[in-house]
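Everything below belongs to my_file-v5.cif, which stores mmCIF, C-alpha atoms, pLDDT in the B column; chains and numbers go by the auth columns.
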data_input
#
loop_
_atom_site.group_PDB
_atom_site.id
_atom_site.type_symbol
_atom_site.label_atom_id
_atom_site.label_comp_id
_atom_site.label_asym_id
_atom_site.label_seq_id
_atom_site.Cartn_x
_atom_site.Cartn_y
_atom_site.Cartn_z
_atom_site.B_iso_or_equiv
_atom_site.auth_seq_id
_atom_site.auth_asym_id
ATOM 1 C CA MET A 1 -43.216 -15.333 -4.346 58.00 905 A
ATOM 2 C CA SER A 2 -39.545 -14.348 -4.546 59.00 906 A
ATOM 3 C CA ILE A 3 -37.709 -11.558 -2.883 61.00 907 A
ATOM 4 C CA GLU A 4 -35.217 -9.973 -5.275 63.00 908 A
ATOM 5 C CA ASN A 5 -33.613 -7.387 -3.030 60.00 909 A
ATOM 6 C CA LEU A 6 -32.006 -9.843 -0.607 59.00 910 A
ATOM 7 C CA LYS A 7 -29.225 -10.918 -2.949 58.00 911 A
ATOM 8 C CA THR A 8 -25.713 -10.333 -1.704 63.00 912 A
ATOM 9 C CA PHE A 9 -24.337 -7.515 -3.813 61.00 913 A
ATOM 10 C CA ASP A 10 -21.671 -5.174 -2.539 60.00 914 A
ATOM 11 C CA PRO A 11 -22.041 -1.809 -4.323 61.00 915 A
ATOM 12 C CA PHE A 12 -18.659 -0.679 -2.985 60.00 916 A
ATOM 13 C CA ALA A 13 -16.720 -3.670 -4.329 60.00 917 A
ATOM 14 C CA GLU A 14 -14.257 -2.979 -7.112 56.00 918 A
ATOM 15 C CA ALA A 15 -15.861 -3.756 -10.473 56.00 919 A
ATOM 16 C CA ASP A 16 -13.967 -5.831 -13.007 53.00 920 A
ATOM 17 C CA GLU A 17 -12.861 -3.734 -16.001 51.00 921 A
ATOM 18 C CA ASP A 18 -13.734 -6.407 -18.587 52.00 922 A
ATOM 19 C CA SER A 19 -17.135 -7.703 -17.539 53.00 923 A
ATOM 20 C CA GLY A 20 -18.307 -5.028 -15.111 52.00 924 A
ATOM 21 C CA GLN A 21 -19.028 -7.712 -12.541 51.00 925 A
ATOM 22 C CA ALA A 22 -17.947 -7.196 -8.954 46.00 926 A
ATOM 23 C CA LYS A 23 -14.825 -9.204 -8.183 48.00 927 A
ATOM 24 C CA LYS A 24 -13.370 -10.394 -4.911 48.00 928 A
ATOM 25 C CA THR A 25 -11.584 -7.785 -2.876 52.00 929 A
ATOM 26 C CA GLN A 26 -7.993 -7.667 -3.975 64.00 930 A
ATOM 27 C CA GLU A 27 -5.134 -7.105 -1.616 86.00 931 A
ATOM 28 C CA TYR A 28 -3.919 -3.603 -2.368 92.00 932 A
ATOM 29 C CA ILE A 29 -0.718 -1.913 -1.290 94.00 933 A
ATOM 30 C CA HIS A 30 -1.548 1.526 0.094 95.00 934 A
ATOM 31 C CA ILE A 31 1.026 4.324 0.023 96.00 935 A
ATOM 32 C CA ARG A 32 -0.064 7.253 2.186 95.00 936 A
ATOM 33 C CA ILE A 33 1.407 10.519 3.377 95.00 937 A
ATOM 34 C CA GLN A 34 0.815 12.001 6.832 94.00 938 A
ATOM 35 C CA GLN A 35 1.534 15.570 7.833 93.00 939 A
ATOM 36 C CA ARG A 36 3.612 15.994 10.956 92.00 940 A
ATOM 37 C CA ASN A 37 4.519 19.446 12.221 93.00 941 A
ATOM 38 C CA GLY A 38 5.414 22.233 9.809 93.00 942 A
ATOM 39 C CA ARG A 39 6.768 20.896 6.529 93.00 943 A
ATOM 40 C CA LYS A 40 7.639 17.486 7.984 95.00 944 A
ATOM 41 C CA THR A 41 5.818 14.460 6.542 95.00 945 A
ATOM 42 C CA LEU A 42 5.714 10.682 6.951 95.00 946 A
ATOM 43 C CA THR A 43 5.146 8.171 4.161 96.00 947 A
ATOM 44 C CA THR A 44 3.482 4.893 5.153 95.00 948 A
ATOM 45 C CA VAL A 45 3.395 1.725 3.057 95.00 949 A
ATOM 46 C CA GLN A 46 0.782 -0.835 4.062 94.00 950 A
ATOM 47 C CA GLY A 47 -0.211 -4.185 2.563 92.00 951 A
ATOM 48 C CA ILE A 48 3.095 -5.526 1.260 92.00 952 A
ATOM 49 C CA PRO A 49 2.624 -9.311 0.914 91.00 953 A
ATOM 50 C CA PRO A 50 3.998 -11.341 3.823 89.00 954 A
ATOM 51 C CA LYS A 51 6.238 -13.370 1.494 91.00 955 A
ATOM 52 C CA PHE A 52 8.603 -10.365 1.460 92.00 956 A
ATOM 53 C CA ASP A 53 10.769 -9.566 4.472 94.00 957 A
ATOM 54 C CA HIS A 54 9.751 -6.073 5.604 94.00 958 A
ATOM 55 C CA LYS A 55 13.015 -5.389 7.427 95.00 959 A
ATOM 56 C CA LYS A 56 15.128 -6.195 4.369 95.00 960 A
ATOM 57 C CA ILE A 57 12.881 -4.042 2.165 95.00 961 A
ATOM 58 C CA LEU A 58 13.249 -1.181 4.643 96.00 962 A
ATOM 59 C CA LYS A 59 17.035 -1.552 4.679 96.00 963 A
ATOM 60 C CA VAL A 60 17.211 -1.274 0.873 95.00 964 A
ATOM 61 C CA ILE A 61 14.762 1.657 0.775 96.00 965 A
ATOM 62 C CA LYS A 62 16.659 3.600 3.450 96.00 966 A
ATOM 63 C CA LYS A 63 19.933 3.137 1.574 96.00 967 A
ATOM 64 C CA GLU A 64 18.503 3.986 -1.861 95.00 968 A
ATOM 65 C CA PHE A 65 16.319 6.972 -0.882 95.00 969 A
ATOM 66 C CA ALA A 66 18.626 8.407 1.815 96.00 970 A
ATOM 67 C CA CYS A 67 15.869 8.631 4.409 96.00 971 A
ATOM 68 C CA ASN A 68 15.189 7.066 7.784 96.00 972 A
ATOM 69 C CA GLY A 69 12.341 4.673 8.459 97.00 973 A
ATOM 70 C CA THR A 70 10.903 1.959 10.664 96.00 974 A
ATOM 71 C CA VAL A 71 8.620 -1.068 10.538 95.00 975 A
ATOM 72 C CA ILE A 72 5.518 -0.747 12.702 92.00 976 A
ATOM 73 C CA SER A 73 4.423 -4.187 13.958 87.00 977 A
ATOM 74 C CA ASP A 74 0.918 -5.691 13.859 76.00 978 A
ATOM 75 C CA THR A 75 0.201 -4.909 17.518 75.00 979 A
ATOM 76 C CA GLU A 76 1.123 -1.224 17.204 76.00 980 A
ATOM 77 C CA SER A 77 -0.711 -0.643 13.905 72.00 981 A
ATOM 78 C CA LYS A 78 -4.064 -1.844 15.288 74.00 982 A
ATOM 79 C CA GLY A 79 -4.834 -4.625 12.820 74.00 983 A
ATOM 80 C CA MET A 80 -3.420 -3.003 9.668 77.00 984 A
ATOM 81 C CA GLY A 81 -0.591 -5.539 9.341 84.00 985 A
ATOM 82 C CA GLU A 82 3.034 -4.540 9.253 90.00 986 A
ATOM 83 C CA VAL A 83 3.438 -0.955 8.079 94.00 987 A
ATOM 84 C CA ILE A 84 6.662 0.574 6.738 96.00 988 A
ATOM 85 C CA GLN A 85 7.024 4.194 7.834 96.00 989 A
ATOM 86 C CA LEU A 86 9.490 6.531 6.095 97.00 990 A
ATOM 87 C CA GLN A 87 10.507 10.125 6.712 96.00 991 A
ATOM 88 C CA GLY A 88 9.608 12.637 4.034 95.00 992 A
ATOM 89 C CA ASP A 89 7.411 12.448 0.939 96.00 993 A
ATOM 90 C CA GLN A 90 8.602 9.245 -0.749 96.00 994 A
ATOM 91 C CA ARG A 91 5.339 8.236 -2.510 96.00 995 A
ATOM 92 C CA ASN A 92 6.568 8.299 -6.121 95.00 996 A
ATOM 93 C CA LYS A 93 9.912 6.694 -5.303 96.00 997 A
ATOM 94 C CA ILE A 94 8.212 3.893 -3.353 96.00 998 A
ATOM 95 C CA LYS A 95 5.798 3.191 -6.199 95.00 999 A
ATOM 96 C CA GLU A 96 8.680 2.989 -8.682 96.00 1000 A
ATOM 97 C CA PHE A 97 10.606 0.712 -6.297 96.00 1001 A
ATOM 98 C CA LEU A 98 7.653 -1.647 -5.795 95.00 1002 A
ATOM 99 C CA THR A 99 6.981 -1.966 -9.541 95.00 1003 A
ATOM 100 C CA ASP A 100 10.614 -2.151 -10.735 94.00 1004 A
ATOM 101 C CA LYS A 101 11.391 -5.672 -11.929 93.00 1005 A
ATOM 102 C CA ASP A 102 15.197 -5.309 -11.857 92.00 1006 A
ATOM 103 C CA ASN A 103 16.003 -3.451 -8.619 90.00 1007 A
ATOM 104 C CA GLY A 104 12.634 -3.565 -6.825 91.00 1008 A
ATOM 105 C CA LEU A 105 9.947 -6.082 -5.950 92.00 1009 A
ATOM 106 C CA GLY A 106 8.326 -6.303 -9.403 93.00 1010 A
ATOM 107 C CA LEU A 107 4.733 -5.981 -8.205 93.00 1011 A
ATOM 108 C CA ASP A 108 1.766 -5.114 -10.443 93.00 1012 A
ATOM 109 C CA THR A 109 0.895 -1.411 -10.718 93.00 1013 A
ATOM 110 C CA LYS A 110 -2.840 -2.214 -10.507 94.00 1014 A
ATOM 111 C CA THR A 111 -2.412 -3.408 -6.919 95.00 1015 A
ATOM 112 C CA ILE A 112 -0.789 -0.176 -5.716 95.00 1016 A
ATOM 113 C CA LYS A 113 -2.869 2.777 -4.569 95.00 1017 A
ATOM 114 C CA VAL A 114 -1.228 6.122 -3.786 95.00 1018 A
ATOM 115 C CA HIS A 115 -3.152 8.368 -1.384 93.00 1019 A
ATOM 116 C CA GLY A 116 -2.518 11.922 -0.283 83.00 1020 A
ATOM 117 C CA PHE A 117 -2.734 15.514 -1.293 63.00 1021 A
#
Mind turning the file's structure into structure tokens?
Amino acid sequence: MSIENLKTFDPFAEADEDSGQAKKTQEYIHIRIQQRNGRKTLTTVQGIPPKFDHKKILKVIKKEFACNGTVISDTESKGMGEVIQLQGDQRNKIKEFLTDKDNGLGLDTKTIKVHGF
């Protein structure tokens, strides 16, 4: 007698495009927008690999996009890792910066998820 329904299958895991099989959870970079008061917004970038220096990335982004920002530490972000927080809606610019091989970080576009309205 075998029990078939006790196999470990995660229905919410990302399926592989080629085989359709569920693959291991991949580390994604999440770019989100948060509404402040009125027309003011914040853009947050979460999940940048630890091999990159967040403070140096922030310095380049602030200079290039002409906006202010800060790095929120692990203790303040409640287990979400270090989060880069920028003023204004910078989602498209951040995605281009992260994927740009010449002037940016040269990351894969499949690992970046843009959230928001």
Env of segment 980-993 of chain A: 8 Å cut, atoms = all atoms listed in the file, seq-sep filter 2 positions within chain, self excluded. Answer as a PyMOL selection string.
chain A and resi 937+944-951+958+962+971-978+995
Among the residues A:Lys999, A:Lys967, A:Phe956, A:Arg940, the one that comes closest to Lys1014 of chain A [using only C-alpha atoms]:
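Using only C-alpha atoms, the shortest distance to Lys1014 of chain A belongs to A:Lys999.
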Using the chain letters and numbering of this document, enumerate as a list in words the residues selected by the PyMOL selection byres ((chain A and resi 1017) around 8).
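Output of the PyMOL selection byres ((chain A and resi 1017) around 8): Tyr932, Ile933, His934, Ile935, Lys1014, Thr1015, Ile1016, Val1018 and His1019 of chain A.
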Report as AutoDock Vina command-line options the centre and the edge lengths, in Å to one decimal, of the axis-aligned box holding every listed atom of segment 938-941 of chain A, padded by 4 Å on each side.
--center_x 2.7 --center_y 15.7 --center_z 9.5 --size_x 11.7 --size_y 15.4 --size_z 13.4
Between atom CA of Pro953 of chain A and atom CA of Arg936 of chain A, what is the distance, to one decimal in Å?
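One can read the atom CA of Pro953 of chain A to atom CA of Arg936 of chain A distance as 16.8 Å.
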